[in-house]
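Okay, protein.pdb now, which holds PDB, C-alpha atoms and all ligand atoms:
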ATOM      1  CA  MET A   1     -16.851 -28.773  -9.263  1.00  0.00           C
ATOM      2  CA  LEU A   2     -15.334 -29.288 -12.683  1.00  0.00           C
ATOM      3  CA  GLU A   3     -11.590 -29.946 -12.565  1.00  0.00           C
ATOM      4  CA  HIS A   4     -10.579 -26.786 -14.453  1.00  0.00           C
ATOM      5  CA  ILE A   5     -12.717 -24.630 -12.136  1.00  0.00           C
ATOM      6  CA  ILE A   6     -10.881 -26.105  -9.142  1.00  0.00           C
ATOM      7  CA  HIS A   7      -7.503 -25.228 -10.694  1.00  0.00           C
ATOM      8  CA  HIS A   8      -8.729 -21.717 -11.513  1.00  0.00           C
ATOM      9  CA  SER A   9     -10.000 -21.233  -7.951  1.00  0.00           C
ATOM     10  CA  LEU A  10      -6.714 -22.389  -6.402  1.00  0.00           C
ATOM     11  CA  GLU A  11      -4.733 -19.885  -8.472  1.00  0.00           C
ATOM     12  CA  VAL A  12      -7.209 -17.067  -7.695  1.00  0.00           C
ATOM     13  CA  ALA A  13      -6.787 -17.883  -3.999  1.00  0.00           C
ATOM     14  CA  ARG A  14      -2.977 -17.709  -4.283  1.00  0.00           C
ATOM     15  CA  VAL A  15      -3.151 -14.291  -5.969  1.00  0.00           C
ATOM     16  CA  ALA A  16      -5.774 -12.971  -3.545  1.00  0.00           C
ATOM     17  CA  LEU A  17      -3.805 -14.151  -0.504  1.00  0.00           C
ATOM     18  CA  PHE A  18      -0.538 -12.755  -1.808  1.00  0.00           C
ATOM     19  CA  LEU A  19      -2.138  -9.341  -2.398  1.00  0.00           C
ATOM     20  CA  SER A  20      -3.963  -9.356   0.952  1.00  0.00           C
ATOM     21  CA  LEU A  21      -0.864 -10.235   2.973  1.00  0.00           C
ATOM     22  CA  GLU A  22       1.179  -7.576   1.176  1.00  0.00           C
ATOM     23  CA  LEU A  23      -1.591  -4.982   1.578  1.00  0.00           C
ATOM     24  CA  ASN A  24      -1.815  -5.723   5.299  1.00  0.00           C
ATOM     25  CA  LYS A  25       1.953  -5.159   5.600  1.00  0.00           C
ATOM     26  CA  LYS A  26       1.192  -1.663   4.264  1.00  0.00           C
ATOM     27  CA  GLY A  27      -1.440  -1.055   6.937  1.00  0.00           C
ATOM     28  CA  GLN A  28      -4.616  -2.387   5.314  1.00  0.00           C
ATOM     29  CA  ARG A  29      -6.935  -4.494   7.472  1.00  0.00           C
ATOM     30  CA  ILE A  30      -8.021  -7.271   5.176  1.00  0.00           C
ATOM     31  CA  ASP A  31      -9.539 -10.375   6.788  1.00  0.00           C
ATOM     32  CA  ILE A  32      -7.181 -13.057   5.456  1.00  0.00           C
ATOM     33  CA  ALA A  33      -9.361 -16.039   6.435  1.00  0.00           C
ATOM     34  CA  LEU A  34     -12.331 -14.439   4.669  1.00  0.00           C
ATOM     35  CA  VAL A  35     -10.307 -13.823   1.497  1.00  0.00           C
ATOM     36  CA  GLU A  36      -9.009 -17.392   1.571  1.00  0.00           C
ATOM     37  CA  ALA A  37     -12.474 -18.914   1.943  1.00  0.00           C
ATOM     38  CA  ALA A  38     -14.184 -16.629  -0.570  1.00  0.00           C
ATOM     39  CA  SER A  39     -11.507 -16.962  -3.244  1.00  0.00           C
ATOM     40  CA  LEU A  40     -11.462 -20.757  -2.974  1.00  0.00           C
ATOM     41  CA  LEU A  41     -15.282 -20.842  -3.084  1.00  0.00           C
ATOM     42  CA  HIS A  42     -16.001 -17.999  -5.532  1.00  0.00           C
ATOM     43  CA  ASP A  43     -16.968 -20.327  -8.404  1.00  0.00           C
ATOM     44  CA  PHE A  44     -18.264 -23.238  -6.389  1.00  0.00           C
ATOM     45  CA  ALA A  45     -21.805 -22.887  -7.805  1.00  0.00           C
ATOM     46  CA  LYS A  46     -20.574 -22.477 -11.389  1.00  0.00           C
ATOM     47  CA  THR A  47     -20.602 -26.142 -12.395  1.00  0.00           C
ATOM     48  CA  GLU A  48     -24.279 -26.435 -11.451  1.00  0.00           C
ATOM     49  CA  CYS A  49     -25.152 -23.065 -13.016  1.00  0.00           C
ATOM     50  CA  LEU A  50     -23.578 -24.036 -16.339  1.00  0.00           C
ATOM     51  CA  LYS A  51     -26.469 -26.501 -16.583  1.00  0.00           C
ATOM     52  CA  THR A  52     -29.231 -24.311 -15.169  1.00  0.00           C
ATOM     53  CA  LYS A  53     -28.015 -20.980 -16.688  1.00  0.00           C
ATOM     54  CA  GLU A  54     -28.469 -19.314 -13.311  1.00  0.00           C
ATOM     55  CA  ASP A  55     -26.164 -16.578 -12.026  1.00  0.00           C
ATOM     56  CA  HIS A  56     -23.375 -18.500 -10.261  1.00  0.00           C
ATOM     57  CA  ALA A  57     -22.276 -15.538  -8.109  1.00  0.00           C
ATOM     58  CA  LYS A  58     -25.800 -15.057  -6.790  1.00  0.00           C
ATOM     59  CA  MET A  59     -26.383 -18.780  -6.324  1.00  0.00           C
ATOM     60  CA  GLY A  60     -23.032 -19.223  -4.542  1.00  0.00           C
ATOM     61  CA  CYS A  61     -23.907 -16.339  -2.243  1.00  0.00           C
ATOM     62  CA  GLN A  62     -27.331 -17.777  -1.388  1.00  0.00           C
ATOM     63  CA  LEU A  63     -25.929 -21.220  -0.624  1.00  0.00           C
ATOM     64  CA  LEU A  64     -23.155 -19.844   1.584  1.00  0.00           C
ATOM     65  CA  LYS A  65     -25.465 -17.512   3.464  1.00  0.00           C
ATOM     66  CA  GLY A  66     -27.882 -20.421   3.913  1.00  0.00           C
ATOM     67  CA  MET A  67     -25.056 -22.326   5.623  1.00  0.00           C
ATOM     68  CA  GLY A  68     -24.423 -19.368   7.915  1.00  0.00           C
ATOM     69  CA  TYR A  69     -21.378 -17.933   6.114  1.00  0.00           C
ATOM     70  CA  GLU A  70     -22.771 -14.430   5.672  1.00  0.00           C
ATOM     71  CA  ARG A  71     -19.570 -12.522   4.848  1.00  0.00           C
ATOM     72  CA  VAL A  72     -18.163 -15.249   2.592  1.00  0.00           C
ATOM     73  CA  GLY A  73     -21.467 -15.129   0.707  1.00  0.00           C
ATOM     74  CA  GLU A  74     -21.229 -11.354   0.317  1.00  0.00           C
ATOM     75  CA  VAL A  75     -17.706 -11.546  -1.115  1.00  0.00           C
ATOM     76  CA  VAL A  76     -18.640 -14.384  -3.482  1.00  0.00           C
ATOM     77  CA  ALA A  77     -21.680 -12.371  -4.648  1.00  0.00           C
ATOM     78  CA  GLN A  78     -19.379  -9.588  -5.829  1.00  0.00           C
ATOM     79  CA  HIS A  79     -16.645 -11.587  -7.541  1.00  0.00           C
ATOM     80  CA  ILE A  80     -17.956 -10.749 -11.020  1.00  0.00           C
ATOM     81  CA  ARG A  81     -19.280  -7.279 -10.399  1.00  0.00           C
ATOM     82  CA  LEU A  82     -18.587  -4.958  -7.482  1.00  0.00           C
ATOM     83  CA  GLU A  83     -21.776  -3.458  -6.080  1.00  0.00           C
ATOM     84  CA  LYS A  84     -20.428  -0.070  -5.198  1.00  0.00           C
ATOM     85  CA  GLU A  85     -17.405   2.102  -5.698  1.00  0.00           C
ATOM     86  CA  GLY A  86     -15.114   1.312  -2.790  1.00  0.00           C
ATOM     87  CA  ASN A  87     -13.366   3.457  -0.243  1.00  0.00           C
ATOM     88  CA  PRO A  88     -10.507   5.246  -2.103  1.00  0.00           C
ATOM     89  CA  SER A  89      -7.942   4.523   0.614  1.00  0.00           C
ATOM     90  CA  ALA A  90      -9.014   1.093   1.915  1.00  0.00           C
ATOM     91  CA  VAL A  91      -9.103  -2.164  -0.017  1.00  0.00           C
ATOM     92  CA  SER A  92     -12.016  -4.479   0.777  1.00  0.00           C
ATOM     93  CA  GLU A  93     -12.116  -8.278   0.699  1.00  0.00           C
ATOM     94  CA  GLU A  94     -14.645  -7.949  -2.159  1.00  0.00           C
ATOM     95  CA  GLU A  95     -12.181  -5.918  -4.205  1.00  0.00           C
ATOM     96  CA  VAL A  96      -9.249  -8.274  -3.633  1.00  0.00           C
ATOM     97  CA  VAL A  97     -11.190 -11.385  -4.644  1.00  0.00           C
ATOM     98  CA  ASN A  98     -12.809  -9.645  -7.623  1.00  0.00           C
ATOM     99  CA  TYR A  99      -9.435  -8.341  -8.810  1.00  0.00           C
ATOM    100  CA  ALA A 100      -7.625 -11.673  -8.310  1.00  0.00           C
ATOM    101  CA  ASP A 101     -10.307 -13.386 -10.388  1.00  0.00           C
ATOM    102  CA  LYS A 102      -9.728 -10.862 -13.199  1.00  0.00           C
ATOM    103  CA  ARG A 103      -5.988 -11.562 -13.170  1.00  0.00           C
ATOM    104  CA  VAL A 104      -6.344 -15.340 -13.499  1.00  0.00           C
ATOM    105  CA  MET A 105      -7.370 -16.704 -16.860  1.00  0.00           C
ATOM    106  CA  HIS A 106      -8.113 -20.395 -16.442  1.00  0.00           C
ATOM    107  CA  ASP A 107      -5.185 -21.209 -14.104  1.00  0.00           C
ATOM    108  CA  ARG A 108      -2.672 -18.674 -15.365  1.00  0.00           C
ATOM    109  CA  ILE A 109      -1.869 -15.163 -14.137  1.00  0.00           C
ATOM    110  CA  VAL A 110      -2.302 -12.659 -16.955  1.00  0.00           C
ATOM    111  CA  PRO A 111      -2.517  -8.869 -17.305  1.00  0.00           C
ATOM    112  CA  LEU A 112      -6.035  -7.387 -17.225  1.00  0.00           C
ATOM    113  CA  GLU A 113      -5.828  -6.658 -20.986  1.00  0.00           C
ATOM    114  CA  GLU A 114      -5.443 -10.342 -21.791  1.00  0.00           C
ATOM    115  CA  ARG A 115      -8.260 -11.444 -19.493  1.00  0.00           C
ATOM    116  CA  PHE A 116     -10.645  -8.859 -20.943  1.00  0.00           C
ATOM    117  CA  LYS A 117      -9.696  -9.746 -24.499  1.00  0.00           C
ATOM    118  CA  ASP A 118     -10.749 -13.322 -23.724  1.00  0.00           C
ATOM    119  CA  LEU A 119     -13.945 -12.184 -21.955  1.00  0.00           C
ATOM    120  CA  ILE A 120     -14.893  -9.980 -24.929  1.00  0.00           C
ATOM    121  CA  GLU A 121     -14.382 -12.903 -27.308  1.00  0.00           C
ATOM    122  CA  ARG A 122     -16.604 -15.105 -25.134  1.00  0.00           C
ATOM    123  CA  TYR A 123     -19.266 -12.714 -23.881  1.00  0.00           C
ATOM    124  CA  GLY A 124     -18.984  -9.592 -26.056  1.00  0.00           C
ATOM    125  CA  LYS A 125     -20.891 -10.735 -29.100  1.00  0.00           C
ATOM    126  CA  GLN A 126     -23.888  -8.512 -28.275  1.00  0.00           C
ATOM    127  CA  PRO A 127     -23.584  -4.726 -27.773  1.00  0.00           C
ATOM    128  CA  SER A 128     -25.048  -5.097 -24.251  1.00  0.00           C
ATOM    129  CA  GLY A 129     -22.338  -7.638 -23.363  1.00  0.00           C
ATOM    130  CA  ARG A 130     -19.608  -5.345 -24.682  1.00  0.00           C
ATOM    131  CA  LYS A 131     -21.045  -2.415 -22.721  1.00  0.00           C
ATOM    132  CA  THR A 132     -21.070  -4.397 -19.469  1.00  0.00           C
ATOM    133  CA  LEU A 133     -17.508  -5.570 -20.053  1.00  0.00           C
ATOM    134  CA  GLY A 134     -16.436  -1.964 -20.723  1.00  0.00           C
ATOM    135  CA  GLN A 135     -17.903  -0.923 -17.354  1.00  0.00           C
ATOM    136  CA  LEU A 136     -16.249  -3.874 -15.609  1.00  0.00           C
ATOM    137  CA  ASN A 137     -12.940  -2.957 -17.184  1.00  0.00           C
ATOM    138  CA  ARG A 138     -13.157   0.634 -15.917  1.00  0.00           C
ATOM    139  CA  GLU A 139     -14.186  -0.537 -12.439  1.00  0.00           C
ATOM    140  CA  ILE A 140     -11.334  -2.985 -12.136  1.00  0.00           C
ATOM    141  CA  ARG A 141      -8.749  -0.460 -13.373  1.00  0.00           C
ATOM    142  CA  ARG A 142      -9.712   1.733 -10.430  1.00  0.00           C
ATOM    143  CA  VAL A 143      -9.204  -1.203  -8.078  1.00  0.00           C
ATOM    144  CA  GLU A 144      -5.882  -2.109  -9.706  1.00  0.00           C
ATOM    145  CA  ASN A 145      -4.625   1.467  -9.393  1.00  0.00           C
ATOM    146  CA  LYS A 146      -5.612   1.596  -5.746  1.00  0.00           C
ATOM    147  CA  ILE A 147      -4.024  -1.766  -4.834  1.00  0.00           C
ATOM    148  CA  PHE A 148      -0.747  -1.138  -6.611  1.00  0.00           C
ATOM    149  CA  MET A 149      -0.474   2.464  -5.478  1.00  0.00           C
ATOM    150  CA  ILE A 150      -0.488   1.094  -1.918  1.00  0.00           C
ATOM    151  CA  LEU A 151       1.859  -1.798  -2.699  1.00  0.00           C
ATOM    152  CA  GLN A 152       4.263   0.325  -4.731  1.00  0.00           C
ATOM    153  CA  ILE A 153       4.915  -2.476  -7.195  1.00  0.00           C
ATOM    154  CA  ASP A 154       4.063  -2.923 -10.846  1.00  0.00           C
ATOM    155  CA  PRO A 155       0.864  -4.936 -11.488  1.00  0.00           C
ATOM    156  CA  ASN A 156       2.841  -7.052 -13.952  1.00  0.00           C
ATOM    157  CA  ALA A 157       5.196  -8.157 -11.176  1.00  0.00           C
ATOM    158  CA  LEU A 158       2.427 -10.552 -10.161  1.00  0.00           C
ATOM    159  CA  ALA A 159       3.064 -12.623 -13.230  1.00  0.00           C
ATOM    160  CA  SER A 160       6.754 -12.972 -12.571  1.00  0.00           C
ATOM    161  CA  GLY A 161       6.719 -15.513  -9.811  1.00  0.00           C
ATOM    162  CA  LEU A 162       5.908 -13.506  -6.668  1.00  0.00           C
ATOM    163  CA  VAL A 163       2.841 -15.599  -6.080  1.00  0.00           C
ATOM    164  CA  LYS A 164       4.778 -18.872  -6.308  1.00  0.00           C
ATOM    165  CA  GLU A 165       5.660 -18.551  -2.645  1.00  0.00           C
ATOM    166  CA  MET A 166       2.013 -18.743  -1.685  1.00  0.00           C
ATOM    167  CA  PRO A 167       0.548 -21.951  -0.236  1.00  0.00           C
ATOM    168  CA  GLN A 168       0.068 -24.726  -2.730  1.00  0.00           C
ATOM    169  CA  PHE A 169      -3.043 -25.907  -0.856  1.00  0.00           C
TER
HETATM  170 FE    FE B 201     -17.002 -16.804 -11.473  1.00  0.00          FE
END
Rewrite the coordinates I just gave you, this time as C-alpha cells.
Ligand SMILES: [Fe+2]
Amino acid sequence: MLEHIIHHSLEVARVALFLSLELNKKGQRIDIALVEAASLLHDFAKTECLKTKEDHAKMGCQLLKGMGYERVGEVVAQHIRLEKEGNPSAVSEEEVVNYADKRVMHDRIVPLEERFKDLIERYGKQPSGRKTLGQLNREIRRVENKIFMILQIDPNALASGLVKEMPQF
C-alpha cells in the first residue's frame, strides 16, 4: 500500500472505532472487531487498482472473501457506496466505515462539505460524476443525521480532538 493510503486508513479506523464505541454505549450493537478490520483494510486494493483502473472496493471485497473474511469483504465493498438504505434506528458496520471514510480527507478529519468539495474537484468534471457525488452526498447526510441523533453530539465535535484518545495503532 502507498504510504499516504496507510495514513488515511489509520485515521479512518480511529474515527470509525470512536463512533462505534460511542454508538454501542447508546445501545447499538456494532461489531467492533469487524469495524476495526474493515476500516484498516478498506483501501487495501487501491494501490494496485490505481494501476489497473479496476474498482478498488470490489477488488478488495473479492480478495477478502477469497481469504475467508466474508463480512469484512462486505463492509469493504460498501465503503464508497452503500448498497441499500439502512435501518432508520440501527447503525450498521457498513454505514460506520463508509461515513468515517467520508470524514477523513487524506489523513485529516474534515466536515462532509470539505470532503465533497475535494471529491467534486477530482471526480466531478463530467455531469455523470457530479450526479453520482450528489447522490452520495444525500446518502451520507442521512447516515450522519442518524449517527449523531443517537450520539447527541455535534458532527463537528469529531474534528476537535475527541478521536485523539483512540488507539494509535
Ligand atoms: Fe477507497
Check your understanding: What do you get as a VMD selection string if you pick all residues at most 10 Å from ligand FE 201 (chain B), counting only C-alpha atoms and all ligand atoms?
Key -> chain A and resid 5 8 to 9 39 41 to 46 55 to 57 60 76 to 81 98 101 to 102
Exercise for review: Using all atoms listed in the file, determine which residues lie at most 12 Å from A:Pro155, disregarding the query and same-chain residues fewer than 3 positions distant; provide the list as a PyMOL selection string.
Suggested key: chain A and resi 15+19+99-100+103+109-113+141+143-152+158-160+162
Revision key, fill the gap. Closest of A:Glu95, A:Asn137, A:Ala157, A:Val12 to A:Ile120, counting only C-alpha atoms, is A:Asn137
Review point. Mind pulling up the distance from atom CA of A:Glu36 to atom CA of A:Glu54?
Key: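 Atom-to-atom, atom CA of A:Glu54 to atom CA of A:Glu36, that is 24.6 Å.
If you count all atoms listed in the file and draw a sphere of 8 Å around (-4.9, -13.3, -0.8), the protein and nucleic acid residues inside it come out as A:Ala13, A:Arg14, A:Val15, A:Ala16, A:Leu17, A:Phe18, A:Leu19, A:Ser20, A:Leu21, A:Ile32, A:Val35, A:Glu36, A:Ser39, A:Val96, A:Val97.
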Store the residues of this selection in a file with C-alpha atoms, as a compact mmCIF listing (two decimals), keeping the file's coordinate frame.
# COMPACT_ATOMS: atom_id res chain seq x y z
CA ALA A 13 -6.79 -17.88 -4.00
CA ARG A 14 -2.98 -17.71 -4.28
CA VAL A 15 -3.15 -14.29 -5.97
CA ALA A 16 -5.77 -12.97 -3.54
CA LEU A 17 -3.80 -14.15 -0.50
CA PHE A 18 -0.54 -12.76 -1.81
CA LEU A 19 -2.14 -9.34 -2.40
CA SER A 20 -3.96 -9.36 0.95
CA LEU A 21 -0.86 -10.24 2.97
CA ILE A 32 -7.18 -13.06 5.46
CA VAL A 35 -10.31 -13.82 1.50
CA GLU A 36 -9.01 -17.39 1.57
CA SER A 39 -11.51 -16.96 -3.24
CA VAL A 96 -9.25 -8.27 -3.63
CA VAL A 97 -11.19 -11.38 -4.64
**Study point:** Separation of atom CA of A:Gln126 from atom CA of A:Ile6 in Å
**Key:**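 Result for atom CA of A:Ile6 versus atom CA of A:Gln126: 29.1 Å, one decimal.
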Determine the residue membership of the PyMOL selection byres (((chain A and resi 84) around 12) and not hetatm) for the file above and supply it as a compact mmCIF listing (two decimals) with C-alpha atoms, keeping the file's coordinate frame.
# COMPACT_ATOMS: atom_id res chain seq x y z
CA GLN A 78 -19.38 -9.59 -5.83
CA ARG A 81 -19.28 -7.28 -10.40
CA LEU A 82 -18.59 -4.96 -7.48
CA GLU A 83 -21.78 -3.46 -6.08
CA GLU A 85 -17.40 2.10 -5.70
CA GLY A 86 -15.11 1.31 -2.79
CA ASN A 87 -13.37 3.46 -0.24
CA PRO A 88 -10.51 5.25 -2.10
CA SER A 92 -12.02 -4.48 0.78
CA GLU A 94 -14.64 -7.95 -2.16
CA GLU A 95 -12.18 -5.92 -4.20
CA LEU A 136 -16.25 -3.87 -15.61
CA GLU A 139 -14.19 -0.54 -12.44
CA ILE A 140 -11.33 -2.98 -12.14
CA VAL A 143 -9.20 -1.20 -8.08
Practice item. Measuring atom to atom with all atoms listed in the file, identify which of A:Leu23, A:Leu119, A:Ile30, A:Ala38 is nearest to A:Val75. Key: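 Once distances to A:Val75 are computed over all atoms listed in the file, the minimum belongs to A:Ala38.
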Review point. Could you work out how far atom CA of A:Ile153 lies from atom CA of A:Asn24, giving the answer in Å with one decimal?
Key: 14.6 Å
**Study point:** Minimum-distance residue to A:Leu10, chosen among A:Val91, A:Met105, A:Leu133, A:Leu50 (using only C-alpha atoms)
**Key:**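 Closest residue, counting only C-alpha atoms: A:Met105.
With only C-alpha atoms as the basis for measurement, A:His7 is the residue among A:His7, A:Thr132, A:Lys26, A:Gly124 that approaches A:Asp107 most closely.
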Review point. From the list A:Ser128, A:Thr47, A:Ser89, A:Asn156, which residue is nearest A:Arg142 when using all atoms listed in the file?
Key: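 With all atoms listed in the file as the atom set, the closest residue is A:Ser89.
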Review point. Which one of A:Leu2, A:Arg138, A:Arg122, A:Arg108 sits closest to A:Cys49 if you count only C-alpha atoms?
Key: A:Leu2
Using the atoms already present, construct N, CA and C atoms for stretch 84-109 of chain A and hand them back as a PDB file, keeping the file's coordinate frame.
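Contents of rebuild-v1.pdb, freshly written:
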ATOM      1  N   LYS A  84     -20.562  -1.523  -5.331  1.00  0.00           N
ATOM      2  CA  LYS A  84     -20.428  -0.070  -5.198  1.00  0.00           C
ATOM      3  C   LYS A  84     -18.959   0.331  -5.320  1.00  0.00           C
ATOM      4  N   GLU A  85     -18.770   1.590  -5.624  1.00  0.00           N
ATOM      5  CA  GLU A  85     -17.405   2.102  -5.698  1.00  0.00           C
ATOM      6  C   GLU A  85     -16.829   2.073  -4.284  1.00  0.00           C
ATOM      7  N   GLY A  86     -15.645   1.505  -4.135  1.00  0.00           N
ATOM      8  CA  GLY A  86     -15.114   1.312  -2.790  1.00  0.00           C
ATOM      9  C   GLY A  86     -14.511   2.571  -2.192  1.00  0.00           C
ATOM     10  N   ASN A  87     -14.081   2.406  -0.954  1.00  0.00           N
ATOM     11  CA  ASN A  87     -13.366   3.457  -0.243  1.00  0.00           C
ATOM     12  C   ASN A  87     -12.034   3.721  -0.973  1.00  0.00           C
ATOM     13  N   PRO A  88     -11.721   4.988  -1.314  1.00  0.00           N
ATOM     14  CA  PRO A  88     -10.507   5.246  -2.103  1.00  0.00           C
ATOM     15  C   PRO A  88      -9.203   4.896  -1.386  1.00  0.00           C
ATOM     16  N   SER A  89      -9.218   4.806  -0.051  1.00  0.00           N
ATOM     17  CA  SER A  89      -7.942   4.523   0.614  1.00  0.00           C
ATOM     18  C   SER A  89      -7.903   3.153   1.305  1.00  0.00           C
ATOM     19  N   ALA A  90      -9.018   2.419   1.287  1.00  0.00           N
ATOM     20  CA  ALA A  90      -9.014   1.093   1.915  1.00  0.00           C
ATOM     21  C   ALA A  90      -9.452   0.039   0.902  1.00  0.00           C
ATOM     22  N   VAL A  91      -8.766  -1.082   0.914  1.00  0.00           N
ATOM     23  CA  VAL A  91      -9.103  -2.164  -0.017  1.00  0.00           C
ATOM     24  C   VAL A  91      -9.974  -3.173   0.730  1.00  0.00           C
ATOM     25  N   SER A  92     -11.104  -3.533   0.127  1.00  0.00           N
ATOM     26  CA  SER A  92     -12.016  -4.479   0.777  1.00  0.00           C
ATOM     27  C   SER A  92     -11.722  -5.913   0.314  1.00  0.00           C
ATOM     28  N   GLU A  93     -12.244  -6.867   1.078  1.00  0.00           N
ATOM     29  CA  GLU A  93     -12.116  -8.278   0.699  1.00  0.00           C
ATOM     30  C   GLU A  93     -12.798  -8.507  -0.648  1.00  0.00           C
ATOM     31  N   GLU A  94     -13.934  -7.832  -0.875  1.00  0.00           N
ATOM     32  CA  GLU A  94     -14.645  -7.949  -2.159  1.00  0.00           C
ATOM     33  C   GLU A  94     -13.736  -7.543  -3.315  1.00  0.00           C
ATOM     34  N   GLU A  95     -13.041  -6.422  -3.128  1.00  0.00           N
ATOM     35  CA  GLU A  95     -12.181  -5.918  -4.205  1.00  0.00           C
ATOM     36  C   GLU A  95     -11.007  -6.851  -4.478  1.00  0.00           C
ATOM     37  N   VAL A  96     -10.407  -7.384  -3.431  1.00  0.00           N
ATOM     38  CA  VAL A  96      -9.249  -8.274  -3.633  1.00  0.00           C
ATOM     39  C   VAL A  96      -9.657  -9.535  -4.399  1.00  0.00           C
ATOM     40  N   VAL A  97     -10.770 -10.139  -3.987  1.00  0.00           N
ATOM     41  CA  VAL A  97     -11.190 -11.385  -4.644  1.00  0.00           C
ATOM     42  C   VAL A  97     -11.631 -11.099  -6.080  1.00  0.00           C
ATOM     43  N   ASN A  98     -12.364 -10.026  -6.276  1.00  0.00           N
ATOM     44  CA  ASN A  98     -12.809  -9.645  -7.623  1.00  0.00           C
ATOM     45  C   ASN A  98     -11.596  -9.405  -8.522  1.00  0.00           C
ATOM     46  N   TYR A  99     -10.621  -8.657  -8.008  1.00  0.00           N
ATOM     47  CA  TYR A  99      -9.435  -8.341  -8.810  1.00  0.00           C
ATOM     48  C   TYR A  99      -8.612  -9.606  -9.116  1.00  0.00           C
ATOM     49  N   ALA A 100      -8.417 -10.445  -8.098  1.00  0.00           N
ATOM     50  CA  ALA A 100      -7.625 -11.673  -8.310  1.00  0.00           C
ATOM     51  C   ALA A 100      -8.269 -12.534  -9.397  1.00  0.00           C
ATOM     52  N   ASP A 101      -9.594 -12.593  -9.374  1.00  0.00           N
ATOM     53  CA  ASP A 101     -10.307 -13.386 -10.388  1.00  0.00           C
ATOM     54  C   ASP A 101     -10.070 -12.819 -11.792  1.00  0.00           C
ATOM     55  N   LYS A 102      -9.950 -11.490 -11.880  1.00  0.00           N
ATOM     56  CA  LYS A 102      -9.728 -10.862 -13.199  1.00  0.00           C
ATOM     57  C   LYS A 102      -8.299 -11.038 -13.688  1.00  0.00           C
ATOM     58  N   ARG A 103      -7.387 -11.370 -12.768  1.00  0.00           N
ATOM     59  CA  ARG A 103      -5.988 -11.562 -13.170  1.00  0.00           C
ATOM     60  C   ARG A 103      -5.663 -13.019 -13.499  1.00  0.00           C
ATOM     61  N   VAL A 104      -6.611 -13.916 -13.242  1.00  0.00           N
ATOM     62  CA  VAL A 104      -6.344 -15.340 -13.499  1.00  0.00           C
ATOM     63  C   VAL A 104      -7.245 -15.830 -14.629  1.00  0.00           C
ATOM     64  N   MET A 105      -6.607 -16.144 -15.739  1.00  0.00           N
ATOM     65  CA  MET A 105      -7.370 -16.704 -16.860  1.00  0.00           C
ATOM     66  C   MET A 105      -7.143 -18.209 -16.839  1.00  0.00           C
ATOM     67  N   HIS A 106      -8.209 -18.958 -16.690  1.00  0.00           N
ATOM     68  CA  HIS A 106      -8.113 -20.395 -16.442  1.00  0.00           C
ATOM     69  C   HIS A 106      -7.254 -20.583 -15.185  1.00  0.00           C
ATOM     70  N   ASP A 107      -6.006 -21.101 -15.315  1.00  0.00           N
ATOM     71  CA  ASP A 107      -5.185 -21.209 -14.104  1.00  0.00           C
ATOM     72  C   ASP A 107      -3.865 -20.462 -14.269  1.00  0.00           C
ATOM     73  N   ARG A 108      -3.893 -19.403 -15.041  1.00  0.00           N
ATOM     74  CA  ARG A 108      -2.672 -18.674 -15.365  1.00  0.00           C
ATOM     75  C   ARG A 108      -2.855 -17.191 -15.036  1.00  0.00           C
ATOM     76  N   ILE A 109      -1.803 -16.597 -14.444  1.00  0.00           N
ATOM     77  CA  ILE A 109      -1.869 -15.163 -14.137  1.00  0.00           C
ATOM     78  C   ILE A 109      -1.569 -14.381 -15.410  1.00  0.00           C
TER      79      ILE A 109
END
